[in-house]
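Participant: You'll find entry_29.json just under this line, and it carries JSON, N, CA and C atoms.
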[["chain", "number", "residue", "atom", "x", "y", "z"],
["H", 778, "MET", "N", 15.46, -4.82, 0.50],
["H", 778, "MET", "CA", 14.01, -4.69, 0.37],
["H", 778, "MET", "C", 13.65, -3.22, 0.50],
["H", 779, "ARG", "N", 12.90, -2.75, -0.49],
["H", 779, "ARG", "CA", 12.42, -1.37, -0.45],
["H", 779, "ARG", "C", 11.17, -1.32, 0.42],
["H", 780, "LYS", "N", 11.08, -0.29, 1.27],
["H", 780, "LYS", "CA", 9.96, -0.20, 2.19],
["H", 780, "LYS", "C", 9.39, 1.21, 2.22],
["H", 781, "ALA", "N", 8.10, 1.28, 2.52],
["H", 781, "ALA", "CA", 7.44, 2.55, 2.80],
["H", 781, "ALA", "C", 6.87, 2.42, 4.21],
["H", 782, "TYR", "N", 7.16, 3.41, 5.04],
["H", 782, "TYR", "CA", 6.67, 3.39, 6.41],
["H", 782, "TYR", "C", 5.50, 4.35, 6.53],
["H", 783, "GLY", "N", 4.32, 3.82, 6.77],
["H", 783, "GLY", "CA", 3.14, 4.64, 6.94],
["H", 783, "GLY", "C", 2.38, 4.87, 5.64],
["H", 784, "ILE", "N", 1.14, 5.27, 5.81],
["H", 784, "ILE", "CA", 0.24, 5.46, 4.67],
["H", 784, "ILE", "C", 0.68, 6.63, 3.80],
["H", 785, "LYS", "N", 1.14, 7.72, 4.42],
["H", 785, "LYS", "CA", 1.57, 8.89, 3.64],
["H", 785, "LYS", "C", 2.72, 8.52, 2.70],
["H", 786, "SER", "N", 3.67, 7.75, 3.20],
["H", 786, "SER", "CA", 4.80, 7.33, 2.35],
["H", 786, "SER", "C", 4.32, 6.45, 1.21],
["H", 787, "LEU", "N", 3.37, 5.57, 1.50],
["H", 787, "LEU", "CA", 2.81, 4.72, 0.45],
["H", 787, "LEU", "C", 2.08, 5.57, -0.59],
["H", 788, "MET", "N", 1.35, 6.56, -0.15],
["H", 788, "MET", "CA", 0.63, 7.44, -1.08],
["H", 788, "MET", "C", 1.61, 8.15, -2.02],
["H", 789, "ILE", "N", 2.73, 8.60, -1.49],
["H", 789, "ILE", "CA", 3.74, 9.28, -2.30],
["H", 789, "ILE", "C", 4.31, 8.31, -3.33],
["H", 790, "TYR", "N", 4.61, 7.08, -2.90],
["H", 790, "TYR", "CA", 5.13, 6.08, -3.83],
["H", 790, "TYR", "C", 4.12, 5.77, -4.93],
["H", 791, "LEU", "N", 2.87, 5.54, -4.54],
["H", 791, "LEU", "CA", 1.85, 5.18, -5.53],
["H", 791, "LEU", "C", 1.64, 6.32, -6.53],
["H", 792, "GLU", "N", 1.70, 7.55, -6.05],
["H", 792, "GLU", "CA", 1.57, 8.69, -6.96],
["H", 792, "GLU", "C", 2.75, 8.73, -7.94],
["H", 793, "SER", "N", 3.93, 8.37, -7.46],
["H", 793, "SER", "CA", 5.12, 8.40, -8.31],
["H", 793, "SER", "C", 5.07, 7.35, -9.42],
["H", 794, "VAL", "N", 4.27, 6.30, -9.23],
["H", 794, "VAL", "CA", 4.12, 5.27, -10.27],
["H", 794, "VAL", "C", 2.77, 5.39, -10.98],
["H", 795, "ASN", "N", 2.20, 6.58, -10.92],
["H", 795, "ASN", "CA", 0.95, 6.90, -11.60],
["H", 795, "ASN", "C", -0.23, 6.03, -11.17],
["H", 796, "TYR", "N", -0.32, 5.78, -9.87],
["H", 796, "TYR", "CA", -1.47, 5.06, -9.31],
["H", 796, "TYR", "C", -1.91, 5.81, -8.05],
["H", 797, "PRO", "N", -2.39, 7.06, -8.24],
["H", 797, "PRO", "CA", -2.78, 7.84, -7.07],
["H", 797, "PRO", "C", -3.98, 7.22, -6.36],
["H", 798, "ILE", "N", -3.94, 7.24, -5.04],
["H", 798, "ILE", "CA", -4.99, 6.64, -4.23],
["H", 798, "ILE", "C", -5.09, 7.44, -2.93],
["H", 799, "THR", "N", -6.28, 7.56, -2.41],
["H", 799, "THR", "CA", -6.48, 8.38, -1.21],
["H", 799, "THR", "C", -6.15, 7.59, 0.05],
["H", 800, "GLU", "N", -5.95, 8.32, 1.13],
["H", 800, "GLU", "CA", -5.69, 7.70, 2.43],
["H", 800, "GLU", "C", -6.88, 6.83, 2.85],
["H", 801, "GLU", "N", -8.09, 7.30, 2.58],
["H", 801, "GLU", "CA", -9.29, 6.54, 2.92],
["H", 801, "GLU", "C", -9.33, 5.21, 2.15],
["H", 802, "GLU", "N", -8.98, 5.25, 0.86],
["H", 802, "GLU", "CA", -8.97, 4.03, 0.06],
["H", 802, "GLU", "C", -7.92, 3.04, 0.59],
["H", 803, "ILE", "N", -6.76, 3.54, 0.98],
["H", 803, "ILE", "CA", -5.72, 2.67, 1.52],
["H", 803, "ILE", "C", -6.19, 2.05, 2.84],
["H", 804, "ASN", "N", -6.81, 2.87, 3.69],
["H", 804, "ASN", "CA", -7.33, 2.33, 4.95],
["H", 804, "ASN", "C", -8.36, 1.23, 4.71],
["H", 805, "ASP", "N", -9.22, 1.41, 3.73],
["H", 805, "ASP", "CA", -10.21, 0.38, 3.39],
["H", 805, "ASP", "C", -9.52, -0.89, 2.91],
["H", 806, "LEU", "N", -8.49, -0.74, 2.07],
["H", 806, "LEU", "CA", -7.75, -1.90, 1.57],
["H", 806, "LEU", "C", -7.06, -2.66, 2.71],
["H", 807, "ILE", "N", -6.50, -1.90, 3.66],
["H", 807, "ILE", "CA", -5.85, -2.51, 4.82],
["H", 807, "ILE", "C", -6.88, -3.25, 5.67],
["H", 808, "LEU", "N", -7.98, -2.58, 5.95],
["H", 808, "LEU", "CA", -9.04, -3.17, 6.78],
["H", 808, "LEU", "C", -9.56, -4.48, 6.18],
["H", 809, "ASN", "N", -9.69, -4.50, 4.87],
["H", 809, "ASN", "CA", -10.21, -5.69, 4.18],
["H", 809, "ASN", "C", -9.11, -6.65, 3.74],
["H", 810, "LYS", "N", -7.87, -6.37, 4.16],
["H", 810, "LYS", "CA", -6.71, -7.22, 3.85],
["H", 810, "LYS", "C", -6.55, -7.44, 2.36],
["H", 811, "LYS", "N", -6.69, -6.36, 1.59],
["H", 811, "LYS", "CA", -6.58, -6.45, 0.14],
["H", 811, "LYS", "C", -5.31, -5.81, -0.40],
["H", 812, "ILE", "N", -4.46, -5.32, 0.50],
["H", 812, "ILE", "CA", -3.18, -4.74, 0.09],
["H", 812, "ILE", "C", -2.10, -5.32, 1.01],
["H", 813, "PRO", "N", -0.96, -5.73, 0.44],
["H", 813, "PRO", "CA", 0.08, -6.32, 1.29],
["H", 813, "PRO", "C", 0.68, -5.29, 2.24],
["H", 814, "HIS", "N", 0.71, -5.63, 3.51],
["H", 814, "HIS", "CA", 1.28, -4.74, 4.52],
["H", 814, "HIS", "C", 1.68, -5.54, 5.75],
["H", 815, "LEU", "N", 2.50, -4.93, 6.56],
["H", 815, "LEU", "CA", 2.89, -5.50, 7.85],
["H", 815, "LEU", "C", 2.53, -4.49, 8.93],
["H", 816, "ARG", "N", 2.11, -4.99, 10.08],
["H", 816, "ARG", "CA", 1.83, -4.13, 11.23],
["H", 816, "ARG", "C", 2.51, -4.78, 12.44],
["H", 817, "PRO", "N", 3.84, -4.56, 12.58],
["H", 817, "PRO", "CA", 4.56, -5.20, 13.68],
["H", 817, "PRO", "C", 4.11, -4.73, 15.06],
["H", 818, "ILE", "N", 3.69, -3.48, 15.14],
["H", 818, "ILE", "CA", 3.07, -2.95, 16.36],
["H", 818, "ILE", "C", 1.89, -2.09, 15.94],
["H", 819, "ASP", "N", 1.01, -1.80, 16.88],
["H", 819, "ASP", "CA", -0.25, -1.13, 16.56],
["H", 819, "ASP", "C", -0.11, 0.15, 15.73],
["H", 820, "ASN", "N", 0.85, 0.98, 16.03],
["H", 820, "ASN", "CA", 0.93, 2.29, 15.37],
["H", 820, "ASN", "C", 1.91, 2.34, 14.21],
["H", 821, "LEU", "N", 2.36, 1.19, 13.72],
["H", 821, "LEU", "CA", 3.36, 1.17, 12.65],
["H", 821, "LEU", "C", 2.87, 0.29, 11.50],
["H", 822, "LEU", "N", 2.81, 0.89, 10.33],
["H", 822, "LEU", "CA", 2.50, 0.15, 9.10],
["H", 822, "LEU", "C", 3.72, 0.16, 8.20],
["H", 823, "ILE", "N", 4.07, -0.99, 7.68],
["H", 823, "ILE", "CA", 5.20, -1.11, 6.76],
["H", 823, "ILE", "C", 4.71, -1.77, 5.49],
["H", 824, "PHE", "N", 5.07, -1.17, 4.36],
["H", 824, "PHE", "CA", 4.69, -1.70, 3.06],
["H", 824, "PHE", "C", 5.97, -2.08, 2.32],
["H", 825, "ASN", "N", 6.11, -3.35, 1.95],
["H", 825, "ASN", "CA", 7.22, -3.82, 1.13],
["H", 825, "ASN", "C", 6.89, -3.39, -0.30],
["H", 826, "LEU", "N", 7.68, -2.50, -0.86],
["H", 826, "LEU", "CA", 7.36, -1.95, -2.18],
["H", 826, "LEU", "C", 7.45, -2.98, -3.30],
["H", 827, "ASP", "N", 8.24, -4.02, -3.10],
["H", 827, "ASP", "CA", 8.25, -5.11, -4.10],
["H", 827, "ASP", "C", 6.90, -5.81, -4.12],
["H", 828, "HIS", "N", 6.32, -6.03, -2.94],
["H", 828, "HIS", "CA", 5.00, -6.64, -2.86],
["H", 828, "HIS", "C", 3.92, -5.68, -3.39],
["H", 829, "ILE", "N", 4.10, -4.40, -3.13],
["H", 829, "ILE", "CA", 3.15, -3.40, -3.64],
["H", 829, "ILE", "C", 3.19, -3.39, -5.17],
["H", 830, "ASP", "N", 4.39, -3.50, -5.75],
["H", 830, "ASP", "CA", 4.50, -3.54, -7.22],
["H", 830, "ASP", "C", 3.75, -4.74, -7.79],
["H", 831, "GLY", "N", 3.85, -5.89, -7.13],
["H", 831, "GLY", "CA", 3.10, -7.07, -7.56],
["H", 831, "GLY", "C", 1.61, -6.85, -7.42],
["H", 832, "TRP", "N", 1.20, -6.23, -6.33],
["H", 832, "TRP", "CA", -0.21, -5.91, -6.11],
["H", 832, "TRP", "C", -0.72, -4.97, -7.20],
["H", 833, "LEU", "N", 0.10, -3.97, -7.56],
["H", 833, "LEU", "CA", -0.28, -3.04, -8.63],
["H", 833, "LEU", "C", -0.48, -3.76, -9.95],
["H", 834, "SER", "N", 0.41, -4.70, -10.25],
["H", 834, "SER", "CA", 0.27, -5.48, -11.49],
["H", 834, "SER", "C", -1.06, -6.23, -11.50],
["H", 835, "ASP", "N", -1.42, -6.82, -10.36],
["H", 835, "ASP", "CA", -2.70, -7.53, -10.25],
["H", 835, "ASP", "C", -3.87, -6.58, -10.44],
["H", 836, "GLN", "N", -3.78, -5.37, -9.87],
["H", 836, "GLN", "CA", -4.86, -4.39, -9.98],
["H", 836, "GLN", "C", -5.05, -3.94, -11.42],
["H", 837, "GLN", "N", -3.95, -3.77, -12.13],
["H", 837, "GLN", "CA", -4.04, -3.29, -13.50],
["H", 837, "GLN", "C", -4.50, -4.38, -14.46],
["H", 838, "SER", "N", -4.27, -5.64, -14.13],
["H", 838, "SER", "CA", -4.71, -6.72, -15.01],
["H", 838, "SER", "C", -6.12, -7.18, -14.66],
["H", 839, "ASN", "N", -6.63, -6.84, -13.47],
["H", 839, "ASN", "CA", -7.99, -7.19, -13.03],
["H", 839, "ASN", "C", -8.70, -5.94, -12.53],
["H", 840, "PRO", "N", -9.12, -5.05, -13.44],
["H", 840, "PRO", "CA", -9.72, -3.77, -13.00],
["H", 840, "PRO", "C", -11.01, -3.95, -12.22]]
Give the structure from this file in structure tokens form.
Facilitator:
Amino acid sequence: MRKAYGIKSLMIYLESVNYPITEEEINDLILNKKIPHLRPIDNLLIFNLDHIDGWLSDQQSNP
């Protein structure tokens, strides 16, 4: 399973797949539970990049 640890790592990944997004936008998506993520402890965010790829497909088909 491919993973990104933290928002900065996710931002780098999203930029690499031509879907740049700001830290503020990611925080809003997390707060509203609109982006797949795990928070095993308070200060740790983990993003499964396979799930992020699926989420990206949904975003691009439903603008």
Participant: Suppose you want the space between atom CA of Asp830 of chain H and atom C of Val794 of chain H; what is it in Å?
Facilitator: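 Computing it gives 9.8 Å between the two atoms.
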Participant: Just the residues within 12 Å of segment 801-810 of chain H, please, counting only C-alpha atoms, with nothing from its chain fewer than 2 positions along; format it as a list in words.
Facilitator: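 Final neighbour list, sorted by chain and number: Gly783, Ile784, Lys785, Ser786, Leu787, Met788, Leu791, Tyr796, Pro797, Ile798, Thr799, Ile812, Pro813, His814, Leu815, Arg816, Leu822, Ile823, Phe824, Ile829 and Trp832 of chain H.
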Participant: Enclose segment 823-837 of chain H, meaning all of its atoms listed in the file, in a box aligned along x, y and z, pad it by 6 Å on each side, and list the centre and edge lengths in Å to one decimal, as JSON.
Facilitator:
{"center_x": 1.6, "center_y": -4.3, "center_z": -3.4, "size_x": 25.3, "size_y": 18.5, "size_z": 34.1}
Participant: I'd like the interatomic distance between atom N of Ser834 of chain H and atom N of Tyr790 of chain H, to a tenth of an Å.
Facilitator: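 So the answer is 14.5 Å.
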Participant: Take atom CA of Pro817 of chain H and atom CA of Ile789 of chain H and report the distance between them in Å, one decimal.
Facilitator: 21.6 Å
Participant: Could you give me, as a PyMOL selection string, each residue of chain H that DSSP assigns to helix (DSSP H, G or I) when run on this structure's backbone?
Facilitator: chain H and resi 784-793+800-808+826-838
Participant: Can segment 812-830 of chain H be brought up to N, CA, C and O atoms and written out as a tab-separated table (two decimals), in the frame of the given file?
Facilitator:
chain	number	residue	atom	x	y	z
H	812	ILE	N	-4.46	-5.32	0.50
H	812	ILE	CA	-3.18	-4.74	0.09
H	812	ILE	C	-2.10	-5.32	1.01
H	812	ILE	O	-2.33	-5.45	2.22
H	813	PRO	N	-0.96	-5.73	0.44
H	813	PRO	CA	0.08	-6.32	1.29
H	813	PRO	C	0.68	-5.29	2.24
H	813	PRO	O	1.07	-4.20	1.82
H	814	HIS	N	0.71	-5.63	3.51
H	814	HIS	CA	1.28	-4.74	4.52
H	814	HIS	C	1.68	-5.54	5.75
H	814	HIS	O	1.25	-6.67	5.93
H	815	LEU	N	2.50	-4.93	6.56
H	815	LEU	CA	2.89	-5.50	7.85
H	815	LEU	C	2.53	-4.49	8.93
H	815	LEU	O	2.66	-3.28	8.73
H	816	ARG	N	2.11	-4.99	10.08
H	816	ARG	CA	1.83	-4.13	11.23
H	816	ARG	C	2.51	-4.78	12.44
H	816	ARG	O	1.86	-5.45	13.24
H	817	PRO	N	3.84	-4.56	12.58
H	817	PRO	CA	4.56	-5.20	13.68
H	817	PRO	C	4.11	-4.73	15.06
H	817	PRO	O	4.15	-5.49	16.02
H	818	ILE	N	3.69	-3.48	15.14
H	818	ILE	CA	3.07	-2.95	16.36
H	818	ILE	C	1.89	-2.09	15.94
H	818	ILE	O	1.79	-1.69	14.78
H	819	ASP	N	1.01	-1.80	16.88
H	819	ASP	CA	-0.25	-1.13	16.56
H	819	ASP	C	-0.11	0.15	15.73
H	819	ASP	O	-0.89	0.37	14.82
H	820	ASN	N	0.85	0.98	16.03
H	820	ASN	CA	0.93	2.29	15.37
H	820	ASN	C	1.91	2.34	14.21
H	820	ASN	O	2.26	3.42	13.75
H	821	LEU	N	2.36	1.19	13.72
H	821	LEU	CA	3.36	1.17	12.65
H	821	LEU	C	2.87	0.29	11.50
H	821	LEU	O	2.56	-0.87	11.68
H	822	LEU	N	2.81	0.89	10.33
H	822	LEU	CA	2.50	0.15	9.10
H	822	LEU	C	3.72	0.16	8.20
H	822	LEU	O	4.33	1.21	7.99
H	823	ILE	N	4.07	-0.99	7.68
H	823	ILE	CA	5.20	-1.11	6.76
H	823	ILE	C	4.71	-1.77	5.49
H	823	ILE	O	4.01	-2.78	5.53
H	824	PHE	N	5.07	-1.17	4.36
H	824	PHE	CA	4.69	-1.70	3.06
H	824	PHE	C	5.97	-2.08	2.32
H	824	PHE	O	6.84	-1.23	2.10
H	825	ASN	N	6.11	-3.35	1.95
H	825	ASN	CA	7.22	-3.82	1.13
H	825	ASN	C	6.89	-3.39	-0.30
H	825	ASN	O	5.92	-3.88	-0.89
H	826	LEU	N	7.68	-2.50	-0.86
H	826	LEU	CA	7.36	-1.95	-2.18
H	826	LEU	C	7.45	-2.98	-3.30
H	826	LEU	O	6.78	-2.83	-4.32
H	827	ASP	N	8.24	-4.02	-3.10
H	827	ASP	CA	8.25	-5.11	-4.10
H	827	ASP	C	6.90	-5.81	-4.12
H	827	ASP	O	6.37	-6.14	-5.18
H	828	HIS	N	6.32	-6.03	-2.94
H	828	HIS	CA	5.00	-6.64	-2.86
H	828	HIS	C	3.92	-5.68	-3.39
H	828	HIS	O	2.97	-6.13	-4.04
H	829	ILE	N	4.10	-4.40	-3.13
H	829	ILE	CA	3.15	-3.40	-3.64
H	829	ILE	C	3.19	-3.39	-5.17
H	829	ILE	O	2.15	-3.30	-5.82
H	830	ASP	N	4.39	-3.50	-5.75
H	830	ASP	CA	4.50	-3.54	-7.22
H	830	ASP	C	3.75	-4.74	-7.79
H	830	ASP	O	3.06	-4.64	-8.81
